[in-house]
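K.L.:
Below is one structure. I have some questions about it.
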Amino acid sequence: MLLKEYRICMPLTVDEYKIGQLYMISKHSHEQSDRGEGVEVVQNEPFEDPHHGNGQFTEKRVYLNSKLPSWARAVVPKIFYVTEKAWNYYPYTITEYTCSFLPKFSIHIETKYEDNKGSNDSIFDNEAKDLEREVCFIDIACDEIPERYYKESEDPKHFKSEKTGRGQLREGWRDSHQPIMCSYKLVTVKFEVWGLQTRVEQFVHKVVRDILLIGHRQAFAWVDEWYDMTMDEVREFERATQEATNKKIGVFPPAISISSIPLLPSSVRSAPASAPSTPLSTDAPEFLSVPRDRPRKKSAPETLTLPDLEKKATLNLPGVHSSDKPCRPKSE
């Protein structure tokens, strides 16, 4: 398990970002989706929690086979997705990522938003007070992003909002900018497979950091698009965008629904109860299949010839006796 705390400051208020984060997530998902890959919205509906109150629950399938490193693509099926489940009780959210193909893999993210510049060192005391973790500050203006994702129009150093007058952020902007808020994210990555755990967990955290940096840059760069929206308007935008995104991804073979099949005995179920139901098949995945027309390797002769027992007396081998009498222990 690898635990890190990310702190991402924004030139916004927490109240403003309530609309901004919904708009950003929907638009970002749509932009990153293409036929066969991207984010499919499975469920998005109000949810009530006895402790956190009213919120919104969403479930998504993230198809990302081509975005995996080569060593990961070698061991996953072609139709591969990660299930995202999110509970949004803004300004507190919980997000979980699981994959039934990799039952020992999971990402758990707890997020809290506050109107400060990332100075609250005890914000996760109830969740992880005694857990050792690295605190990572992410600067949306000065931290570098992967070159393939860079757009000058989304660069906070160049962008200036017409509706708010904010933008063209310079180094050190977090020390003096008003307003300012911070997204605190406690991210736990687990991949409990011997020999791969450290490598995979470090890789996943690198991906998470890049996604957080890109997403928060976009949320600010798109501020003029969402700043005047009401909650009802952004929910309608969210609904319409999700429909368009699902159509953009395309149709996949239907997954087996838990409600439509008999419940298997607990001894048969290998994945945790929270894992998604990926498409199942009785055939082995392609990367595990043995070619049917592969010639048989002849590492040994077709037949084995045993020596003639009647001629064994003529063999001059140590320890072989021609007598039919049973061997007796050697007397002292």
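Letters A, B, ... mark the chains of the structure tokens in the order given; residue numbers begin at 1 per chain; ligand numbers begin at 1, in order shown.
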May I have all residues of segment 77-250 of chain A that DSSP, computed from the backbone, assigns to strand (DSSP E), given as a ChimeraX atom specification?
P.N.:
/A:81-89,92-98,105-114,134-138,181-191
K.L.:
Taking 6 positions as the minimum chain separation for residues in the same chain, which residues sit within 8 Å of segment 158-163 of chain A when counting only C-alpha atoms? Answer as a PyMOL selection string.
P.N.:
chain A and resi 152+169+221+223-224+227
K.L.:
Please identify all polymer residues within 8 Å of Tyr23 of chain A, counting only C-alpha atoms, omitting same-chain residues fewer than 4 positions from it, and present them as an mmCIF file with all heavy atoms, in the first residue's frame.
P.N.:
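The resulting file, selection38.cif, is reproduced below:
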```cif
data_model
loop_
_atom_site.group_PDB
_atom_site.id
_atom_site.type_symbol
_atom_site.label_atom_id
_atom_site.label_comp_id
_atom_site.auth_asym_id
_atom_site.auth_seq_id
_atom_site.Cartn_x
_atom_site.Cartn_y
_atom_site.Cartn_z
ATOM 1 N N ILE A 19 -19.641 24.055 -8.647
ATOM 2 C CA ILE A 19 -20.114 23.985 -10.032
ATOM 3 C C ILE A 19 -18.966 23.593 -10.960
ATOM 4 O O ILE A 19 -19.111 22.751 -11.855
ATOM 5 C CB ILE A 19 -20.701 25.333 -10.492
ATOM 6 C CG1 ILE A 19 -21.876 25.745 -9.595
ATOM 7 C CG2 ILE A 19 -21.111 25.279 -11.956
ATOM 8 C CD1 ILE A 19 -23.096 24.882 -9.731
ATOM 9 N N LYS A 27 -16.849 17.482 -19.007
ATOM 10 C CA LYS A 27 -16.211 17.889 -20.252
ATOM 11 C C LYS A 27 -14.906 17.140 -20.475
ATOM 12 O O LYS A 27 -14.608 16.698 -21.599
ATOM 13 C CB LYS A 27 -15.953 19.400 -20.242
ATOM 14 C CG LYS A 27 -15.362 19.911 -21.553
ATOM 15 C CD LYS A 27 -15.228 21.427 -21.582
ATOM 16 C CE LYS A 27 -14.572 21.881 -22.885
ATOM 17 N NZ LYS A 27 -14.470 23.357 -22.973
ATOM 18 N N ALA A 219 -10.237 23.013 -15.037
ATOM 19 C CA ALA A 219 -11.358 23.592 -14.297
ATOM 20 C C ALA A 219 -11.230 25.110 -14.223
ATOM 21 O O ALA A 219 -12.229 25.842 -14.335
ATOM 22 C CB ALA A 219 -11.418 22.994 -12.892
ATOM 23 N N TRP A 226 -18.437 27.968 -17.183
ATOM 24 C CA TRP A 226 -19.329 27.454 -16.135
ATOM 25 C C TRP A 226 -19.646 28.469 -15.045
ATOM 26 O O TRP A 226 -20.521 28.229 -14.210
ATOM 27 C CB TRP A 226 -18.733 26.203 -15.489
ATOM 28 C CG TRP A 226 -17.359 26.354 -14.863
ATOM 29 C CD1 TRP A 226 -16.160 25.968 -15.393
ATOM 30 C CD2 TRP A 226 -17.041 26.917 -13.578
ATOM 31 N NE1 TRP A 226 -15.115 26.248 -14.534
ATOM 32 C CE2 TRP A 226 -15.631 26.828 -13.407
ATOM 33 C CE3 TRP A 226 -17.805 27.492 -12.551
ATOM 34 C CZ2 TRP A 226 -14.981 27.286 -12.267
ATOM 35 C CZ3 TRP A 226 -17.155 27.950 -11.406
ATOM 36 C CH2 TRP A 226 -15.761 27.842 -11.275
ATOM 37 N N VAL A 234 -25.864 22.988 -14.522
ATOM 38 C CA VAL A 234 -24.680 22.139 -14.660
ATOM 39 C C VAL A 234 -25.069 20.661 -14.617
ATOM 40 O O VAL A 234 -24.432 19.816 -15.268
ATOM 41 C CB VAL A 234 -23.621 22.478 -13.581
ATOM 42 C CG1 VAL A 234 -23.977 21.884 -12.221
ATOM 43 C CG2 VAL A 234 -22.243 21.968 -14.013
ATOM 44 N N PHE A 237 -26.198 19.950 -18.093
ATOM 45 C CA PHE A 237 -25.003 19.828 -18.927
ATOM 46 C C PHE A 237 -24.342 18.475 -18.706
ATOM 47 O O PHE A 237 -23.915 17.808 -19.659
ATOM 48 C CB PHE A 237 -24.025 20.957 -18.601
ATOM 49 C CG PHE A 237 -22.673 20.803 -19.245
ATOM 50 C CD1 PHE A 237 -22.472 21.211 -20.566
ATOM 51 C CD2 PHE A 237 -21.612 20.245 -18.542
ATOM 52 C CE1 PHE A 237 -21.220 21.050 -21.162
ATOM 53 C CE2 PHE A 237 -20.363 20.084 -19.137
ATOM 54 C CZ PHE A 237 -20.166 20.503 -20.459
ATOM 55 N N GLU A 238 -24.279 18.061 -17.458
ATOM 56 C CA GLU A 238 -23.681 16.776 -17.094
ATOM 57 C C GLU A 238 -24.437 15.621 -17.758
ATOM 58 O O GLU A 238 -23.828 14.720 -18.330
ATOM 59 C CB GLU A 238 -23.706 16.632 -15.568
ATOM 60 C CG GLU A 238 -22.984 15.440 -15.000
ATOM 61 C CD GLU A 238 -23.068 15.418 -13.491
ATOM 62 O OE1 GLU A 238 -24.179 15.613 -12.945
ATOM 63 O OE2 GLU A 238 -22.031 15.209 -12.834
#
```
K.L.:
Would you list the contacts of segment 118-130 of chain A as a PDB file with N, CA, C and O atoms, in the first residue's frame, taking every protein, DNA or RNA residue within 12 Å and counting only C-alpha atoms, but skipping same-chain residues closer than 5 positions in sequence?
P.N.:
```
ATOM      1  N   LEU A   3       0.528   5.413   0.290  1.00  0.00           N
ATOM      2  CA  LEU A   3      -0.390   6.493   0.661  1.00  0.00           C
ATOM      3  C   LEU A   3       0.293   7.841   0.457  1.00  0.00           C
ATOM      4  O   LEU A   3       1.408   8.066   0.916  1.00  0.00           O
ATOM      5  N   LYS A   4      -0.412   8.731  -0.257  1.00  0.00           N
ATOM      6  CA  LYS A   4       0.091  10.092  -0.452  1.00  0.00           C
ATOM      7  C   LYS A   4      -1.059  11.082  -0.288  1.00  0.00           C
ATOM      8  O   LYS A   4      -2.216  10.760  -0.551  1.00  0.00           O
ATOM      9  N   GLU A   5      -0.706  12.294   0.154  1.00  0.00           N
ATOM     10  CA  GLU A   5      -1.691  13.371   0.268  1.00  0.00           C
ATOM     11  C   GLU A   5      -1.320  14.470  -0.720  1.00  0.00           C
ATOM     12  O   GLU A   5      -0.208  15.006  -0.680  1.00  0.00           O
ATOM     13  N   TYR A   6      -2.247  14.778  -1.614  1.00  0.00           N
ATOM     14  CA  TYR A   6      -2.030  15.828  -2.611  1.00  0.00           C
ATOM     15  C   TYR A   6      -2.803  17.084  -2.216  1.00  0.00           C
ATOM     16  O   TYR A   6      -3.939  16.995  -1.766  1.00  0.00           O
ATOM     17  N   ARG A   7      -2.183  18.232  -2.426  1.00  0.00           N
ATOM     18  CA  ARG A   7      -2.824  19.515  -2.143  1.00  0.00           C
ATOM     19  C   ARG A   7      -2.727  20.385  -3.393  1.00  0.00           C
ATOM     20  O   ARG A   7      -1.617  20.703  -3.848  1.00  0.00           O
ATOM     21  N   ILE A   8      -3.886  20.722  -3.958  1.00  0.00           N
ATOM     22  CA  ILE A   8      -3.937  21.489  -5.212  1.00  0.00           C
ATOM     23  C   ILE A   8      -4.709  22.776  -4.971  1.00  0.00           C
ATOM     24  O   ILE A   8      -5.917  22.749  -4.721  1.00  0.00           O
ATOM     25  N   CYS A   9      -4.025  23.897  -5.057  1.00  0.00           N
ATOM     26  CA  CYS A   9      -4.674  25.200  -4.847  1.00  0.00           C
ATOM     27  C   CYS A   9      -5.276  25.718  -6.148  1.00  0.00           C
ATOM     28  O   CYS A   9      -4.769  25.459  -7.238  1.00  0.00           O
ATOM     29  N   MET A  10      -6.372  26.472  -6.005  1.00  0.00           N
ATOM     30  CA  MET A  10      -7.087  27.045  -7.143  1.00  0.00           C
ATOM     31  C   MET A  10      -7.436  28.500  -6.847  1.00  0.00           C
ATOM     32  O   MET A  10      -7.760  28.842  -5.701  1.00  0.00           O
ATOM     33  N   TYR A  92     -16.995  17.300   0.630  1.00  0.00           N
ATOM     34  CA  TYR A  92     -16.289  16.057   0.951  1.00  0.00           C
ATOM     35  C   TYR A  92     -16.714  14.998  -0.061  1.00  0.00           C
ATOM     36  O   TYR A  92     -17.914  14.825  -0.317  1.00  0.00           O
ATOM     37  N   ILE A  94     -15.754  10.901  -1.821  1.00  0.00           N
ATOM     38  CA  ILE A  94     -15.043   9.620  -1.766  1.00  0.00           C
ATOM     39  C   ILE A  94     -15.086   9.012  -3.164  1.00  0.00           C
ATOM     40  O   ILE A  94     -16.140   8.964  -3.796  1.00  0.00           O
ATOM     41  N   ILE A 109      -9.702   7.362  -2.839  1.00  0.00           N
ATOM     42  CA  ILE A 109      -9.395   8.793  -2.741  1.00  0.00           C
ATOM     43  C   ILE A 109     -10.446   9.480  -1.880  1.00  0.00           C
ATOM     44  O   ILE A 109     -11.645   9.373  -2.157  1.00  0.00           O
ATOM     45  N   GLU A 110      -9.994  10.158  -0.852  1.00  0.00           N
ATOM     46  CA  GLU A 110     -10.867  11.010  -0.046  1.00  0.00           C
ATOM     47  C   GLU A 110     -10.463  12.460  -0.295  1.00  0.00           C
ATOM     48  O   GLU A 110      -9.275  12.796  -0.234  1.00  0.00           O
ATOM     49  N   THR A 111     -11.455  13.300  -0.584  1.00  0.00           N
ATOM     50  CA  THR A 111     -11.176  14.691  -0.935  1.00  0.00           C
ATOM     51  C   THR A 111     -11.936  15.637  -0.015  1.00  0.00           C
ATOM     52  O   THR A 111     -13.125  15.427   0.258  1.00  0.00           O
ATOM     53  N   LYS A 112     -11.244  16.666   0.433  1.00  0.00           N
ATOM     54  CA  LYS A 112     -11.872  17.732   1.213  1.00  0.00           C
ATOM     55  C   LYS A 112     -11.442  19.067   0.622  1.00  0.00           C
ATOM     56  O   LYS A 112     -10.290  19.242   0.213  1.00  0.00           O
ATOM     57  N   TYR A 113     -12.383  20.018   0.582  1.00  0.00           N
ATOM     58  CA  TYR A 113     -12.123  21.336   0.008  1.00  0.00           C
ATOM     59  C   TYR A 113     -12.225  22.387   1.100  1.00  0.00           C
ATOM     60  O   TYR A 113     -13.181  22.395   1.886  1.00  0.00           O
ATOM     61  N   VAL A 135       3.332  14.293   1.650  1.00  0.00           N
ATOM     62  CA  VAL A 135       2.467  15.398   1.260  1.00  0.00           C
ATOM     63  C   VAL A 135       3.056  16.046   0.007  1.00  0.00           C
ATOM     64  O   VAL A 135       4.219  16.460  -0.005  1.00  0.00           O
ATOM     65  N   CYS A 136       2.250  16.102  -1.061  1.00  0.00           N
ATOM     66  CA  CYS A 136       2.706  16.621  -2.349  1.00  0.00           C
ATOM     67  C   CYS A 136       1.861  17.825  -2.758  1.00  0.00           C
ATOM     68  O   CYS A 136       0.648  17.693  -2.930  1.00  0.00           O
ATOM     69  N   PHE A 137       2.487  18.977  -2.907  1.00  0.00           N
ATOM     70  CA  PHE A 137       1.798  20.161  -3.413  1.00  0.00           C
ATOM     71  C   PHE A 137       1.839  20.156  -4.938  1.00  0.00           C
ATOM     72  O   PHE A 137       2.890  19.892  -5.534  1.00  0.00           O
ATOM     73  N   ILE A 138       0.713  20.426  -5.562  1.00  0.00           N
ATOM     74  CA  ILE A 138       0.634  20.503  -7.019  1.00  0.00           C
ATOM     75  C   ILE A 138       0.299  21.943  -7.397  1.00  0.00           C
ATOM     76  O   ILE A 138      -0.709  22.494  -6.954  1.00  0.00           O
ATOM     77  N   ASP A 139       1.159  22.556  -8.196  1.00  0.00           N
ATOM     78  CA  ASP A 139       0.989  23.949  -8.620  1.00  0.00           C
ATOM     79  C   ASP A 139       0.432  23.950 -10.037  1.00  0.00           C
ATOM     80  O   ASP A 139       1.121  23.561 -10.991  1.00  0.00           O
ATOM     81  N   ARG A 174       0.303  31.494  -5.059  1.00  0.00           N
ATOM     82  CA  ARG A 174      -0.474  30.960  -3.926  1.00  0.00           C
ATOM     83  C   ARG A 174      -0.260  31.770  -2.643  1.00  0.00           C
ATOM     84  O   ARG A 174      -1.085  31.719  -1.730  1.00  0.00           O
ATOM     85  N   ASP A 175       0.831  32.484  -2.577  1.00  0.00           N
ATOM     86  CA  ASP A 175       1.130  33.238  -1.346  1.00  0.00           C
ATOM     87  C   ASP A 175       0.294  34.506  -1.218  1.00  0.00           C
ATOM     88  O   ASP A 175       0.079  35.001  -0.108  1.00  0.00           O
ATOM     89  N   ILE A 180      -8.609  32.141  -2.855  1.00  0.00           N
ATOM     90  CA  ILE A 180      -7.825  30.924  -3.040  1.00  0.00           C
ATOM     91  C   ILE A 180      -8.475  29.794  -2.240  1.00  0.00           C
ATOM     92  O   ILE A 180      -9.019  30.018  -1.153  1.00  0.00           O
ATOM     93  N   MET A 181      -8.464  28.611  -2.798  1.00  0.00           N
ATOM     94  CA  MET A 181      -8.990  27.417  -2.136  1.00  0.00           C
ATOM     95  C   MET A 181      -8.013  26.268  -2.378  1.00  0.00           C
ATOM     96  O   MET A 181      -7.084  26.380  -3.188  1.00  0.00           O
ATOM     97  N   CYS A 182      -8.229  25.168  -1.669  1.00  0.00           N
ATOM     98  CA  CYS A 182      -7.348  24.014  -1.818  1.00  0.00           C
ATOM     99  C   CYS A 182      -8.161  22.722  -1.852  1.00  0.00           C
ATOM    100  O   CYS A 182      -9.081  22.533  -1.046  1.00  0.00           O
ATOM    101  N   SER A 183      -7.812  21.857  -2.809  1.00  0.00           N
ATOM    102  CA  SER A 183      -8.339  20.496  -2.843  1.00  0.00           C
ATOM    103  C   SER A 183      -7.333  19.594  -2.139  1.00  0.00           C
ATOM    104  O   SER A 183      -6.204  19.445  -2.610  1.00  0.00           O
ATOM    105  N   TYR A 184      -7.761  19.040  -1.013  1.00  0.00           N
ATOM    106  CA  TYR A 184      -6.918  18.092  -0.273  1.00  0.00           C
ATOM    107  C   TYR A 184      -7.357  16.678  -0.661  1.00  0.00           C
ATOM    108  O   TYR A 184      -8.521  16.312  -0.478  1.00  0.00           O
ATOM    109  N   LYS A 185      -6.431  15.884  -1.164  1.00  0.00           N
ATOM    110  CA  LYS A 185      -6.771  14.537  -1.616  1.00  0.00           C
ATOM    111  C   LYS A 185      -5.863  13.506  -0.961  1.00  0.00           C
ATOM    112  O   LYS A 185      -4.642  13.538  -1.138  1.00  0.00           O
ATOM    113  N   LEU A 186      -6.482  12.595  -0.229  1.00  0.00           N
ATOM    114  CA  LEU A 186      -5.768  11.502   0.418  1.00  0.00           C
ATOM    115  C   LEU A 186      -5.930  10.272  -0.474  1.00  0.00           C
ATOM    116  O   LEU A 186      -7.027   9.725  -0.604  1.00  0.00           O
ATOM    117  N   VAL A 187      -4.834   9.845  -1.102  1.00  0.00           N
ATOM    118  CA  VAL A 187      -4.888   8.805  -2.138  1.00  0.00           C
ATOM    119  C   VAL A 187      -4.144   7.551  -1.661  1.00  0.00           C
ATOM    120  O   VAL A 187      -2.949   7.608  -1.370  1.00  0.00           O
ATOM    121  N   THR A 188      -4.883   6.443  -1.610  1.00  0.00           N
ATOM    122  CA  THR A 188      -4.303   5.154  -1.233  1.00  0.00           C
ATOM    123  C   THR A 188      -4.335   4.231  -2.445  1.00  0.00           C
ATOM    124  O   THR A 188      -5.401   3.987  -3.022  1.00  0.00           O
TER     125      THR A 188
END
```
K.L.:
Give me, please, the distance in Å between atom CA of Ala141 of chain A and atom CA of Leu2 of chain A, quoted to one decimal.
P.N.:
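Pair atom CA of Ala141 of chain A / atom CA of Leu2 of chain A returns 26.7 Å.
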K.L.:
Have a look at A:Lys104, A:Arg217, A:Arg235, A:Lys190 and name the one nearest to His205 of chain A; count only C-alpha atoms.
P.N.:
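Closest residue, counting only C-alpha atoms: A:Lys190.
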K.L.:
Nearest to Pro179 of chain A: which of A:Ala86, A:Cys142, A:Val14, A:Met1 is it, counting only C-alpha atoms?
P.N.:
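Looking at the shortest contact to Pro179 of chain A, the residue is A:Val14.
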K.L.:
Counting only C-alpha atoms, which of A:Cys99, A:Ala240, A:Met24, A:Met229 gets nearest to Lys85 of chain A?
P.N.:
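Looking at the shortest contact to Lys85 of chain A, the residue is A:Cys99.
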K.L.:
So which bits of segment 44-200 of chain A end up alpha helix (DSSP H) when you DSSP the backbone, as a list in words?
P.N.:
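Here is the list: Ser70, Trp71, Ala72, Arg73, Asp125, Asn126, Glu127, Ala128, Gln197, Thr198, Arg199 and Val200 of chain A.
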K.L.:
Please indicate the distance in Å from atom CA of Glu154 of chain A to atom CA of Gln218 of chain A, rounded to one decimal place.
P.N.:
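Taking atom CA of Glu154 of chain A and atom CA of Gln218 of chain A, their separation equals 5.9 Å.
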K.L.:
Work out how far apart atom CA of Asp143 of chain A and atom CA of Lys117 of chain A are and give it in Å to one decimal.
P.N.:
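That distance, rounded to one decimal, is 16.3 Å.
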K.L.:
Can you pull out the residues contacting Asn54 of chain A? Cut-off 12 Å, using only C-alpha atoms, and skip same-chain residues under 4 positions away; I want them as a list of chain:residue names.
P.N.:
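Everything that qualifies: A:Glu45, A:Pro46, A:Phe47, A:Glu48, A:Asp49, A:Pro50, A:Trp87, A:Asn88, A:Tyr89, A:Tyr90, A:Pro91, A:Tyr92, A:Thr93.
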